[in-house]
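Student: File follows, work-v9.cif with mmCIF, N, CA and C atoms; chains and numbers go by the auth columns:
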```
data_target
loop_
_atom_site.group_PDB
_atom_site.id
_atom_site.type_symbol
_atom_site.label_atom_id
_atom_site.label_comp_id
_atom_site.label_asym_id
_atom_site.label_seq_id
_atom_site.Cartn_x
_atom_site.Cartn_y
_atom_site.Cartn_z
_atom_site.B_iso_or_equiv
_atom_site.auth_seq_id
_atom_site.auth_asym_id
ATOM 1 N N MET A 1 80.211 -194.037 -141.165 0.00 1 F
ATOM 2 C CA MET A 1 80.734 -195.177 -141.887 0.00 1 F
ATOM 3 C C MET A 1 79.629 -196.189 -142.115 0.00 1 F
ATOM 4 N N LYS A 2 79.767 -196.915 -143.204 0.00 2 F
ATOM 5 C CA LYS A 2 78.830 -197.987 -143.511 0.00 2 F
ATOM 6 C C LYS A 2 79.578 -199.297 -143.551 0.00 2 F
ATOM 7 N N ALA A 3 78.904 -200.340 -143.098 0.00 3 F
ATOM 8 C CA ALA A 3 79.422 -201.698 -143.222 0.00 3 F
ATOM 9 C C ALA A 3 78.492 -202.462 -144.137 0.00 3 F
ATOM 10 N N LYS A 4 79.079 -203.093 -145.154 0.00 4 F
ATOM 11 C CA LYS A 4 78.313 -203.947 -146.056 0.00 4 F
ATOM 12 C C LYS A 4 78.764 -205.371 -145.822 0.00 4 F
ATOM 13 N N ILE A 5 77.816 -206.243 -145.524 0.00 5 F
ATOM 14 C CA ILE A 5 78.127 -207.622 -145.164 0.00 5 F
ATOM 15 C C ILE A 5 77.431 -208.566 -146.135 0.00 5 F
ATOM 16 N N HIS A 6 78.215 -209.414 -146.770 0.00 6 F
ATOM 17 C CA HIS A 6 77.686 -210.444 -147.664 0.00 6 F
ATOM 18 C C HIS A 6 77.825 -211.787 -146.952 0.00 6 F
ATOM 19 N N ILE A 7 76.711 -212.484 -146.798 0.00 7 F
ATOM 20 C CA ILE A 7 76.699 -213.769 -146.108 0.00 7 F
ATOM 21 C C ILE A 7 76.256 -214.836 -147.101 0.00 7 F
ATOM 22 N N THR A 8 77.071 -215.890 -147.232 0.00 8 F
ATOM 23 C CA THR A 8 76.755 -216.973 -148.159 0.00 8 F
ATOM 24 C C THR A 8 76.939 -218.309 -147.467 0.00 8 F
ATOM 25 N N LEU A 9 76.248 -219.314 -147.975 0.00 9 F
ATOM 26 C CA LEU A 9 76.421 -220.663 -147.440 0.00 9 F
ATOM 27 C C LEU A 9 77.797 -221.193 -147.828 0.00 9 F
ATOM 28 N N LYS A 10 78.395 -221.944 -146.942 0.00 10 F
ATOM 29 C CA LYS A 10 79.676 -222.579 -147.242 0.00 10 F
ATOM 30 C C LYS A 10 79.494 -223.629 -148.334 0.00 10 F
ATOM 31 N N ASN A 11 80.567 -223.879 -149.079 0.00 11 F
ATOM 32 C CA ASN A 11 80.526 -224.928 -150.092 0.00 11 F
ATOM 33 C C ASN A 11 80.160 -226.251 -149.432 0.00 11 F
ATOM 34 N N GLY A 12 79.312 -227.020 -150.094 0.00 12 F
ATOM 35 C CA GLY A 12 78.902 -228.311 -149.562 0.00 12 F
ATOM 36 C C GLY A 12 77.634 -228.272 -148.739 0.00 12 F
ATOM 37 N N VAL A 13 77.195 -227.078 -148.347 0.00 13 F
ATOM 38 C CA VAL A 13 75.944 -226.950 -147.591 0.00 13 F
ATOM 39 C C VAL A 13 74.799 -226.856 -148.599 0.00 13 F
ATOM 40 N N LEU A 14 73.797 -227.700 -148.427 0.00 14 F
ATOM 41 C CA LEU A 14 72.656 -227.689 -149.335 0.00 14 F
ATOM 42 C C LEU A 14 71.930 -226.348 -149.276 0.00 14 F
ATOM 43 N N ASP A 15 71.463 -225.885 -150.438 0.00 15 F
ATOM 44 C CA ASP A 15 70.792 -224.598 -150.543 0.00 15 F
ATOM 45 C C ASP A 15 69.424 -224.784 -151.205 0.00 15 F
ATOM 46 N N PRO A 16 68.401 -225.194 -150.434 0.00 16 F
ATOM 47 C CA PRO A 16 67.088 -225.429 -151.028 0.00 16 F
ATOM 48 C C PRO A 16 66.466 -224.168 -151.638 0.00 16 F
ATOM 49 N N GLN A 17 66.728 -222.997 -151.067 0.00 17 F
ATOM 50 C CA GLN A 17 66.190 -221.761 -151.647 0.00 17 F
ATOM 51 C C GLN A 17 66.845 -221.487 -153.001 0.00 17 F
ATOM 52 N N GLY A 18 68.135 -221.710 -153.091 0.00 18 F
ATOM 53 C CA GLY A 18 68.827 -221.537 -154.365 0.00 18 F
ATOM 54 C C GLY A 18 68.292 -222.485 -155.419 0.00 18 F
ATOM 55 N N LYS A 19 68.032 -223.729 -155.018 0.00 19 F
ATOM 56 C CA LYS A 19 67.480 -224.719 -155.943 0.00 19 F
ATOM 57 C C LYS A 19 66.089 -224.299 -156.419 0.00 19 F
ATOM 58 N N ALA A 20 65.270 -223.754 -155.517 0.00 20 F
ATOM 59 C CA ALA A 20 63.927 -223.290 -155.882 0.00 20 F
ATOM 60 C C ALA A 20 64.011 -222.133 -156.878 0.00 20 F
ATOM 61 N N VAL A 21 64.966 -221.236 -156.684 0.00 21 F
ATOM 62 C CA VAL A 21 65.149 -220.122 -157.617 0.00 21 F
ATOM 63 C C VAL A 21 65.587 -220.654 -158.977 0.00 21 F
ATOM 64 N N GLN A 22 66.504 -221.602 -158.973 0.00 22 F
ATOM 65 C CA GLN A 22 66.972 -222.194 -160.231 0.00 22 F
ATOM 66 C C GLN A 22 65.813 -222.839 -160.995 0.00 22 F
ATOM 67 N N THR A 23 64.982 -223.586 -160.289 0.00 23 F
ATOM 68 C CA THR A 23 63.822 -224.234 -160.909 0.00 23 F
ATOM 69 C C THR A 23 62.845 -223.196 -161.453 0.00 23 F
ATOM 70 N N ALA A 24 62.602 -222.129 -160.694 0.00 24 F
ATOM 71 C CA ALA A 24 61.687 -221.074 -161.135 0.00 24 F
ATOM 72 C C ALA A 24 62.232 -220.363 -162.372 0.00 24 F
ATOM 73 N N LEU A 25 63.533 -220.106 -162.399 0.00 25 F
ATOM 74 C CA LEU A 25 64.130 -219.469 -163.573 0.00 25 F
ATOM 75 C C LEU A 25 63.949 -220.332 -164.820 0.00 25 F
ATOM 76 N N ALA A 26 64.187 -221.639 -164.659 0.00 26 F
ATOM 77 C CA ALA A 26 63.993 -222.561 -165.792 0.00 26 F
ATOM 78 C C ALA A 26 62.534 -222.546 -166.249 0.00 26 F
ATOM 79 N N GLY A 27 61.614 -222.503 -165.301 0.00 27 F
ATOM 80 C CA GLY A 27 60.194 -222.466 -165.629 0.00 27 F
ATOM 81 C C GLY A 27 59.786 -221.195 -166.359 0.00 27 F
ATOM 82 N N LEU A 28 60.536 -220.132 -166.153 0.00 28 F
ATOM 83 C CA LEU A 28 60.270 -218.864 -166.837 0.00 28 F
ATOM 84 C C LEU A 28 60.995 -218.771 -168.180 0.00 28 F
ATOM 85 N N GLY A 29 61.713 -219.838 -168.520 0.00 29 F
ATOM 86 C CA GLY A 29 62.374 -219.869 -169.817 0.00 29 F
ATOM 87 C C GLY A 29 63.815 -219.409 -169.830 0.00 29 F
ATOM 88 N N PHE A 30 64.389 -219.134 -168.668 0.00 30 F
ATOM 89 C CA PHE A 30 65.795 -218.736 -168.601 0.00 30 F
ATOM 90 C C PHE A 30 66.659 -219.990 -168.627 0.00 30 F
ATOM 91 N N THR A 31 67.427 -220.153 -169.682 0.00 31 F
ATOM 92 C CA THR A 31 68.263 -221.338 -169.832 0.00 31 F
ATOM 93 C C THR A 31 69.709 -220.996 -169.510 0.00 31 F
ATOM 94 N N GLY A 32 70.507 -222.020 -169.318 0.00 32 F
ATOM 95 C CA GLY A 32 71.929 -221.816 -169.083 0.00 32 F
ATOM 96 C C GLY A 32 72.292 -221.496 -167.644 0.00 32 F
ATOM 97 N N VAL A 33 71.378 -221.652 -166.719 0.00 33 F
ATOM 98 C CA VAL A 33 71.688 -221.433 -165.297 0.00 33 F
ATOM 99 C C VAL A 33 71.939 -222.801 -164.680 0.00 33 F
ATOM 100 N N ASN A 34 73.196 -223.097 -164.407 0.00 34 F
ATOM 101 C CA ASN A 34 73.564 -224.416 -163.898 0.00 34 F
ATOM 102 C C ASN A 34 73.405 -224.559 -162.390 0.00 34 F
ATOM 103 N N ASP A 35 73.514 -223.452 -161.658 0.00 35 F
ATOM 104 C CA ASP A 35 73.422 -223.536 -160.204 0.00 35 F
ATOM 105 C C ASP A 35 73.073 -222.157 -159.660 0.00 35 F
ATOM 106 N N VAL A 36 72.350 -222.117 -158.564 0.00 36 F
ATOM 107 C CA VAL A 36 72.023 -220.869 -157.872 0.00 36 F
ATOM 108 C C VAL A 36 72.327 -221.065 -156.400 0.00 36 F
ATOM 109 N N ARG A 37 73.065 -220.126 -155.831 0.00 37 F
ATOM 110 C CA ARG A 37 73.326 -220.094 -154.395 0.00 37 F
ATOM 111 C C ARG A 37 72.760 -218.782 -153.886 0.00 37 F
ATOM 112 N N GLN A 38 71.948 -218.849 -152.871 0.00 38 F
ATOM 113 C CA GLN A 38 71.318 -217.658 -152.327 0.00 38 F
ATOM 114 C C GLN A 38 72.012 -217.266 -151.031 0.00 38 F
ATOM 115 N N GLY A 39 72.096 -215.975 -150.780 0.00 39 F
ATOM 116 C CA GLY A 39 72.722 -215.495 -149.561 0.00 39 F
ATOM 117 C C GLY A 39 71.972 -214.305 -148.996 0.00 39 F
ATOM 118 N N LYS A 40 72.652 -213.579 -148.109 0.00 40 F
ATOM 119 C CA LYS A 40 72.057 -212.404 -147.476 0.00 40 F
ATOM 120 C C LYS A 40 73.002 -211.224 -147.650 0.00 40 F
ATOM 121 N N PHE A 41 72.439 -210.030 -147.686 0.00 41 F
ATOM 122 C CA PHE A 41 73.209 -208.793 -147.716 0.00 41 F
ATOM 123 C C PHE A 41 72.675 -207.909 -146.607 0.00 41 F
ATOM 124 N N ILE A 42 73.571 -207.451 -145.745 0.00 42 F
ATOM 125 C CA ILE A 42 73.184 -206.593 -144.623 0.00 42 F
ATOM 126 C C ILE A 42 74.023 -205.324 -144.709 0.00 42 F
ATOM 127 N N GLU A 43 73.375 -204.187 -144.545 0.00 43 F
ATOM 128 C CA GLU A 43 74.084 -202.911 -144.546 0.00 43 F
ATOM 129 C C GLU A 43 73.836 -202.220 -143.216 0.00 43 F
ATOM 130 N N LEU A 44 74.903 -201.806 -142.562 0.00 44 F
ATOM 131 C CA LEU A 44 74.812 -201.141 -141.260 0.00 44 F
ATOM 132 C C LEU A 44 75.380 -199.732 -141.359 0.00 44 F
ATOM 133 N N GLU A 45 74.713 -198.783 -140.754 0.00 45 F
ATOM 134 C CA GLU A 45 75.224 -197.425 -140.628 0.00 45 F
ATOM 135 C C GLU A 45 75.865 -197.333 -139.253 0.00 45 F
ATOM 136 N N LEU A 46 77.149 -197.022 -139.213 0.00 46 F
ATOM 137 C CA LEU A 46 77.901 -197.025 -137.960 0.00 46 F
ATOM 138 C C LEU A 46 78.295 -195.620 -137.530 0.00 46 F
ATOM 139 N N THR A 47 78.383 -195.399 -136.217 0.00 47 F
ATOM 140 C CA THR A 47 78.869 -194.117 -135.704 0.00 47 F
ATOM 141 C C THR A 47 80.376 -194.132 -135.521 0.00 47 F
ATOM 142 N N GLU A 48 80.965 -195.308 -135.484 0.00 48 F
ATOM 143 C CA GLU A 48 82.412 -195.443 -135.324 0.00 48 F
ATOM 144 C C GLU A 48 83.139 -194.762 -136.483 0.00 48 F
ATOM 145 N N THR A 49 84.199 -194.015 -136.176 0.00 49 F
ATOM 146 C CA THR A 49 84.947 -193.310 -137.217 0.00 49 F
ATOM 147 C C THR A 49 86.286 -193.968 -137.524 0.00 49 F
ATOM 148 N N ASP A 50 86.742 -194.845 -136.664 0.00 50 F
ATOM 149 C CA ASP A 50 87.992 -195.562 -136.896 0.00 50 F
ATOM 150 C C ASP A 50 87.702 -196.833 -137.694 0.00 50 F
ATOM 151 N N ARG A 51 88.297 -196.940 -138.882 0.00 51 F
ATOM 152 C CA ARG A 51 88.016 -198.047 -139.795 0.00 51 F
ATOM 153 C C ARG A 51 88.338 -199.406 -139.168 0.00 51 F
ATOM 154 N N ALA A 52 89.461 -199.536 -138.512 0.00 52 F
ATOM 155 C CA ALA A 52 89.863 -200.811 -137.905 0.00 52 F
ATOM 156 C C ALA A 52 88.902 -201.212 -136.782 0.00 52 F
ATOM 157 N N LYS A 53 88.514 -200.244 -135.961 0.00 53 F
ATOM 158 C CA LYS A 53 87.568 -200.529 -134.877 0.00 53 F
ATOM 159 C C LYS A 53 86.208 -200.925 -135.438 0.00 53 F
ATOM 160 N N ALA A 54 85.783 -200.228 -136.488 0.00 54 F
ATOM 161 C CA ALA A 54 84.491 -200.538 -137.110 0.00 54 F
ATOM 162 C C ALA A 54 84.502 -201.960 -137.659 0.00 54 F
ATOM 163 N N GLU A 55 85.566 -202.325 -138.352 0.00 55 F
ATOM 164 C CA GLU A 55 85.642 -203.675 -138.923 0.00 55 F
ATOM 165 C C GLU A 55 85.657 -204.729 -137.825 0.00 55 F
ATOM 166 N N ALA A 56 86.399 -204.485 -136.748 0.00 56 F
ATOM 167 C CA ALA A 56 86.447 -205.434 -135.627 0.00 56 F
ATOM 168 C C ALA A 56 85.069 -205.571 -134.977 0.00 56 F
ATOM 169 N N GLN A 57 84.378 -204.453 -134.836 0.00 57 F
ATOM 170 C CA GLN A 57 83.041 -204.465 -134.230 0.00 57 F
ATOM 171 C C GLN A 57 82.055 -205.251 -135.098 0.00 57 F
ATOM 172 N N VAL A 58 82.092 -205.024 -136.403 0.00 58 F
ATOM 173 C CA VAL A 58 81.175 -205.718 -137.311 0.00 58 F
ATOM 174 C C VAL A 58 81.516 -207.203 -137.381 0.00 58 F
ATOM 175 N N ASP A 59 82.812 -207.532 -137.350 0.00 59 F
ATOM 176 C CA ASP A 59 83.223 -208.934 -137.336 0.00 59 F
ATOM 177 C C ASP A 59 82.653 -209.636 -136.103 0.00 59 F
ATOM 178 N N ASP A 60 82.703 -208.968 -134.967 0.00 60 F
ATOM 179 C CA ASP A 60 82.143 -209.525 -133.731 0.00 60 F
ATOM 180 C C ASP A 60 80.629 -209.706 -133.857 0.00 60 F
ATOM 181 N N MET A 61 79.949 -208.741 -134.484 0.00 61 F
ATOM 182 C CA MET A 61 78.503 -208.848 -134.706 0.00 61 F
ATOM 183 C C MET A 61 78.176 -210.067 -135.565 0.00 61 F
ATOM 184 N N CYS A 62 78.986 -210.275 -136.601 0.00 62 F
ATOM 185 C CA CYS A 62 78.756 -211.419 -137.489 0.00 62 F
ATOM 186 C C CYS A 62 78.923 -212.733 -136.744 0.00 62 F
ATOM 187 N N LYS A 63 79.979 -212.827 -135.947 0.00 63 F
ATOM 188 C CA LYS A 63 80.249 -214.060 -135.212 0.00 63 F
ATOM 189 C C LYS A 63 79.183 -214.358 -134.167 0.00 63 F
ATOM 190 N N LYS A 64 78.630 -213.306 -133.550 0.00 64 F
ATOM 191 C CA LYS A 64 77.675 -213.503 -132.457 0.00 64 F
ATOM 192 C C LYS A 64 76.209 -213.557 -132.891 0.00 64 F
ATOM 193 N N LEU A 65 75.877 -212.924 -134.037 0.00 65 F
ATOM 194 C CA LEU A 65 74.463 -212.833 -134.387 0.00 65 F
ATOM 195 C C LEU A 65 74.157 -212.927 -135.878 0.00 65 F
ATOM 196 N N LEU A 66 74.858 -212.169 -136.686 0.00 66 F
ATOM 197 C CA LEU A 66 74.430 -211.985 -138.073 0.00 66 F
ATOM 198 C C LEU A 66 74.653 -213.196 -138.973 0.00 66 F
ATOM 199 N N ALA A 67 75.686 -213.981 -138.698 0.00 67 F
ATOM 200 C CA ALA A 67 75.983 -215.152 -139.537 0.00 67 F
ATOM 201 C C ALA A 67 76.040 -216.403 -138.665 0.00 67 F
ATOM 202 N N ASN A 68 75.617 -217.502 -139.242 0.00 68 F
ATOM 203 C CA ASN A 68 75.764 -218.802 -138.591 0.00 68 F
ATOM 204 C C ASN A 68 77.079 -219.374 -139.104 0.00 68 F
ATOM 205 N N THR A 69 78.144 -219.179 -138.341 0.00 69 F
ATOM 206 C CA THR A 69 79.482 -219.505 -138.829 0.00 69 F
ATOM 207 C C THR A 69 79.722 -221.004 -139.014 0.00 69 F
ATOM 208 N N VAL A 70 78.804 -221.831 -138.563 0.00 70 F
ATOM 209 C CA VAL A 70 78.926 -223.273 -138.798 0.00 70 F
ATOM 210 C C VAL A 70 78.661 -223.573 -140.273 0.00 70 F
ATOM 211 N N ILE A 71 77.683 -222.878 -140.870 0.00 71 F
ATOM 212 C CA ILE A 71 77.306 -223.180 -142.254 0.00 71 F
ATOM 213 C C ILE A 71 77.453 -221.993 -143.203 0.00 71 F
ATOM 214 N N GLU A 72 77.821 -220.814 -142.674 0.00 72 F
ATOM 215 C CA GLU A 72 77.894 -219.631 -143.523 0.00 72 F
ATOM 216 C C GLU A 72 79.267 -218.961 -143.454 0.00 72 F
ATOM 217 N N ASN A 73 79.660 -218.372 -144.581 0.00 73 F
ATOM 218 C CA ASN A 73 80.822 -217.492 -144.667 0.00 73 F
ATOM 219 C C ASN A 73 80.306 -216.063 -144.744 0.00 73 F
ATOM 220 N N TYR A 74 81.143 -215.113 -144.362 0.00 74 F
ATOM 221 C CA TYR A 74 80.752 -213.715 -144.509 0.00 74 F
ATOM 222 C C TYR A 74 81.954 -212.872 -144.918 0.00 74 F
ATOM 223 N N ALA A 75 81.651 -211.796 -145.628 0.00 75 F
ATOM 224 C CA ALA A 75 82.672 -210.849 -146.043 0.00 75 F
ATOM 225 C C ALA A 75 82.194 -209.459 -145.665 0.00 75 F
ATOM 226 N N ILE A 76 83.092 -208.655 -145.097 0.00 76 F
ATOM 227 C CA ILE A 76 82.765 -207.327 -144.611 0.00 76 F
ATOM 228 C C ILE A 76 83.479 -206.293 -145.477 0.00 76 F
ATOM 229 N N GLU A 77 82.725 -205.260 -145.849 0.00 77 F
ATOM 230 C CA GLU A 77 83.306 -204.118 -146.558 0.00 77 F
ATOM 231 C C GLU A 77 82.934 -202.877 -145.769 0.00 77 F
ATOM 232 N N ILE A 78 83.926 -202.104 -145.368 0.00 78 F
ATOM 233 C CA ILE A 78 83.694 -200.848 -144.647 0.00 78 F
ATOM 234 C C ILE A 78 83.898 -199.717 -145.657 0.00 78 F
ATOM 235 N N VAL A 79 82.894 -198.839 -145.760 0.00 79 F
ATOM 236 C CA VAL A 79 82.989 -197.717 -146.696 0.00 79 F
ATOM 237 C C VAL A 79 82.710 -196.406 -145.961 0.00 79 F
ATOM 238 N N GLU A 80 83.336 -195.350 -146.422 0.00 80 F
ATOM 239 C CA GLU A 80 83.138 -194.023 -145.844 0.00 80 F
ATOM 240 C C GLU A 80 81.772 -193.478 -146.236 0.00 80 F
ATOM 241 N N GLY A 81 81.190 -192.711 -145.330 0.00 81 F
ATOM 242 C CA GLY A 81 79.972 -191.964 -145.612 0.00 81 F
ATOM 243 C C GLY A 81 78.811 -192.802 -145.910 0.00 81 F
#
```
Could you express the structure from this file as structure tokens?

Tutor:
Amino acid sequence: MKAKIHITLKNGVLDPQGKAVQTALAGLGFTGVNDVRQGKFIELELTETDRAKAEAQVDDMCKKLLANTVIENYAIEIVEG
């Protein structure tokens, strides 16, 4: 099983990296980009075969290490194979 985790900053949290990307895009001539929010994507290969157990395990990983739950949200997708 694979776990795909998308981690993003919560609304209202300043995103200086996103702002830098937005500025760089404008400098390259890309117009019409009003805002950029940057996040993280983590993919885990799991040995667990039970979908519910895998999701619970990955949720625990996010809470303890992978995401800073004070300023970040995360979404987990469990996929076969």

Student: I'd like the contact shell of Ala3 of chain F - 5 Å cut-off, all atoms listed in the file, skipping same-chain residues fewer than 4 positions apart - returned as a ChimeraX atom specification.

Tutor: /F:43-44,77-78

Student: When distances are computed from all atoms listed in the file, which of F:Lys53, F:Val58, F:Ala75, F:Val21 shows the smallest separation from Val36 of chain F?

Tutor: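 Under the stated criterion, the closest residue is F:Val21.
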
Student: Name the residues of chain F that fall into strand (DSSP E) according to DSSP on the backbone, using the chain letters and numbers of this document, as a list in words.

Tutor: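 Those residues are Lys2, Ala3, Lys4, Ile5, His6, Ile7, Thr8, Leu9, Gly39, Lys40, Phe41, Ile42, Glu43, Leu44, Glu45, Glu72, Asn73, Tyr74, Ala75, Ile76, Glu77, Ile78 and Val79 of chain F.
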
Student: Of the candidates F:Ile42, F:Arg37, F:Arg51, F:Ala56, which shows the shortest atom-to-atom distance to Lys10 of chain F, using only C-alpha atoms?

Tutor: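 The shortest atom-to-atom distance to Lys10 of chain F comes from F:Arg37.
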
Student: One number please: atom C of Thr23 of chain F to atom N of Gly39 of chain F, in Å, one decimal.

Tutor: 15.9 Å

Student: From the list F:Glu48, F:Asp60, F:Glu55, F:Glu72, which residue is nearest Gly12 of chain F when using only C-alpha atoms?

Tutor: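 Result for the nearest residue to Gly12 of chain F: F:Glu72.
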
Student: As an exercise, work out the distance from atom C of Lys63 of chain F to atom N of Asn11 of chain F in Å and give it to one decimal place.

Tutor: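 If I compute the distance from atom C of Lys63 of chain F to atom N of Asn11 of chain F, I get 17.7 Å.
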
Student: So the first atom is atom C of Thr47 of chain F and the second is atom CA of Met1 of chain F; what is the distance between them in Å, to one decimal place?

Tutor: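 Pair atom C of Thr47 of chain F / atom CA of Met1 of chain F returns 6.5 Å.
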
Student: How big is the axis-aligned box around the listed atoms of segment 20-31 of chain F once 3 Å is added on each side, and where is its centre? Give both in Å to one decimal, as lines of an AutoDock Vina configuration file.

Tutor:
```
center_x = 64.7
center_y = -221.5
center_z = -162.7
size_x = 15.9
size_y = 11.5
size_z = 20.3
```

Student: Please determine, counting all atoms listed in the file, which residue among F:Val70, F:Met61, F:Glu45, F:Lys40 has the shortest atom-to-atom distance to Thr8 of chain F.

Tutor: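 Smallest distance to Thr8 of chain F is found for F:Lys40.
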
Student: Using all atoms listed in the file, pick whichever of F:Leu28, F:Leu46, F:Cys62, F:Gln22 has the shortest atom-to-atom distance to Tyr74 of chain F.

Tutor: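 Closest to Tyr74 of chain F of all the choices is F:Cys62.
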
Student: Which one is closest to Ile76 of chain F: F:Leu14, F:Ala52, F:Asp59, F:Ala24? Count only N, CA and C atoms.

Tutor: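 For Ile76 of chain F, the nearest of the given residues is F:Asp59.
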
Student: I need the alpha helix (DSSP H) residues of chain F per DSSP on the backbone, written as an mmCIF file with N, CA and C atoms, in the coordinates of the input.

Tutor:
```cif
data_model
loop_
_atom_site.group_PDB
_atom_site.id
_atom_site.type_symbol
_atom_site.label_atom_id
_atom_site.label_comp_id
_atom_site.auth_asym_id
_atom_site.auth_seq_id
_atom_site.Cartn_x
_atom_site.Cartn_y
_atom_site.Cartn_z
ATOM 1 N N PRO F 16 68.401 -225.194 -150.434
ATOM 2 C CA PRO F 16 67.088 -225.429 -151.028
ATOM 3 C C PRO F 16 66.466 -224.168 -151.638
ATOM 4 N N GLN F 17 66.728 -222.997 -151.067
ATOM 5 C CA GLN F 17 66.190 -221.761 -151.647
ATOM 6 C C GLN F 17 66.845 -221.487 -153.001
ATOM 7 N N GLY F 18 68.135 -221.710 -153.091
ATOM 8 C CA GLY F 18 68.827 -221.537 -154.365
ATOM 9 C C GLY F 18 68.292 -222.485 -155.419
ATOM 10 N N LYS F 19 68.032 -223.729 -155.018
ATOM 11 C CA LYS F 19 67.480 -224.719 -155.943
ATOM 12 C C LYS F 19 66.089 -224.299 -156.419
ATOM 13 N N ALA F 20 65.270 -223.754 -155.517
ATOM 14 C CA ALA F 20 63.927 -223.290 -155.882
ATOM 15 C C ALA F 20 64.011 -222.133 -156.878
ATOM 16 N N VAL F 21 64.966 -221.236 -156.684
ATOM 17 C CA VAL F 21 65.149 -220.122 -157.617
ATOM 18 C C VAL F 21 65.587 -220.654 -158.977
ATOM 19 N N GLN F 22 66.504 -221.602 -158.973
ATOM 20 C CA GLN F 22 66.972 -222.194 -160.231
ATOM 21 C C GLN F 22 65.813 -222.839 -160.995
ATOM 22 N N THR F 23 64.982 -223.586 -160.289
ATOM 23 C CA THR F 23 63.822 -224.234 -160.909
ATOM 24 C C THR F 23 62.845 -223.196 -161.453
ATOM 25 N N ALA F 24 62.602 -222.129 -160.694
ATOM 26 C CA ALA F 24 61.687 -221.074 -161.135
ATOM 27 C C ALA F 24 62.232 -220.363 -162.372
ATOM 28 N N LEU F 25 63.533 -220.106 -162.399
ATOM 29 C CA LEU F 25 64.130 -219.469 -163.573
ATOM 30 C C LEU F 25 63.949 -220.332 -164.820
ATOM 31 N N ALA F 26 64.187 -221.639 -164.659
ATOM 32 C CA ALA F 26 63.993 -222.561 -165.792
ATOM 33 C C ALA F 26 62.534 -222.546 -166.249
ATOM 34 N N GLY F 27 61.614 -222.503 -165.301
ATOM 35 C CA GLY F 27 60.194 -222.466 -165.629
ATOM 36 C C GLY F 27 59.786 -221.195 -166.359
ATOM 37 N N ARG F 51 88.297 -196.940 -138.882
ATOM 38 C CA ARG F 51 88.016 -198.047 -139.795
ATOM 39 C C ARG F 51 88.338 -199.406 -139.168
ATOM 40 N N ALA F 52 89.461 -199.536 -138.512
ATOM 41 C CA ALA F 52 89.863 -200.811 -137.905
ATOM 42 C C ALA F 52 88.902 -201.212 -136.782
ATOM 43 N N LYS F 53 88.514 -200.244 -135.961
ATOM 44 C CA LYS F 53 87.568 -200.529 -134.877
ATOM 45 C C LYS F 53 86.208 -200.925 -135.438
ATOM 46 N N ALA F 54 85.783 -200.228 -136.488
ATOM 47 C CA ALA F 54 84.491 -200.538 -137.110
ATOM 48 C C ALA F 54 84.502 -201.960 -137.659
ATOM 49 N N GLU F 55 85.566 -202.325 -138.352
ATOM 50 C CA GLU F 55 85.642 -203.675 -138.923
ATOM 51 C C GLU F 55 85.657 -204.729 -137.825
ATOM 52 N N ALA F 56 86.399 -204.485 -136.748
ATOM 53 C CA ALA F 56 86.447 -205.434 -135.627
ATOM 54 C C ALA F 56 85.069 -205.571 -134.977
ATOM 55 N N GLN F 57 84.378 -204.453 -134.836
ATOM 56 C CA GLN F 57 83.041 -204.465 -134.230
ATOM 57 C C GLN F 57 82.055 -205.251 -135.098
ATOM 58 N N VAL F 58 82.092 -205.024 -136.403
ATOM 59 C CA VAL F 58 81.175 -205.718 -137.311
ATOM 60 C C VAL F 58 81.516 -207.203 -137.381
ATOM 61 N N ASP F 59 82.812 -207.532 -137.350
ATOM 62 C CA ASP F 59 83.223 -208.934 -137.336
ATOM 63 C C ASP F 59 82.653 -209.636 -136.103
ATOM 64 N N ASP F 60 82.703 -208.968 -134.967
ATOM 65 C CA ASP F 60 82.143 -209.525 -133.731
ATOM 66 C C ASP F 60 80.629 -209.706 -133.857
ATOM 67 N N MET F 61 79.949 -208.741 -134.484
ATOM 68 C CA MET F 61 78.503 -208.848 -134.706
ATOM 69 C C MET F 61 78.176 -210.067 -135.565
#
```

Student: Keeping C-alpha atoms (and nothing else), can you write segment 49-66 of chain F of this structure as a JSON list (two decimals), in the first residue's frame?

Tutor:
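Output contents, as saved in decode_38.json:
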```json
[["chain", "number", "residue", "atom", "x", "y", "z"],
["F", 49, "THR", "CA", -2.38, -4.46, 4.18],
["F", 50, "ASP", "CA", -5.40, -3.27, 6.15],
["F", 51, "ARG", "CA", -6.56, 0.08, 4.75],
["F", 52, "ALA", "CA", -8.02, 1.38, 8.04],
["F", 53, "LYS", "CA", -4.90, 0.44, 10.01],
["F", 54, "ALA", "CA", -2.67, 2.03, 7.38],
["F", 55, "GLU", "CA", -4.63, 5.28, 7.47],
["F", 56, "ALA", "CA", -4.58, 5.36, 11.29],
["F", 57, "GLN", "CA", -0.83, 4.70, 11.29],
["F", 58, "VAL", "CA", -0.13, 7.46, 8.75],
["F", 59, "ASP", "CA", -2.41, 9.87, 10.62],
["F", 60, "ASP", "CA", -0.35, 9.21, 13.76],
["F", 61, "MET", "CA", 2.87, 9.81, 11.79],
["F", 62, "CYS", "CA", 1.52, 13.15, 10.58],
["F", 63, "LYS", "CA", 0.52, 14.26, 14.06],
["F", 64, "LYS", "CA", 3.85, 13.25, 15.61],
["F", 65, "LEU", "CA", 6.38, 14.14, 12.91],
["F", 66, "LEU", "CA", 5.38, 14.86, 9.33]]
```
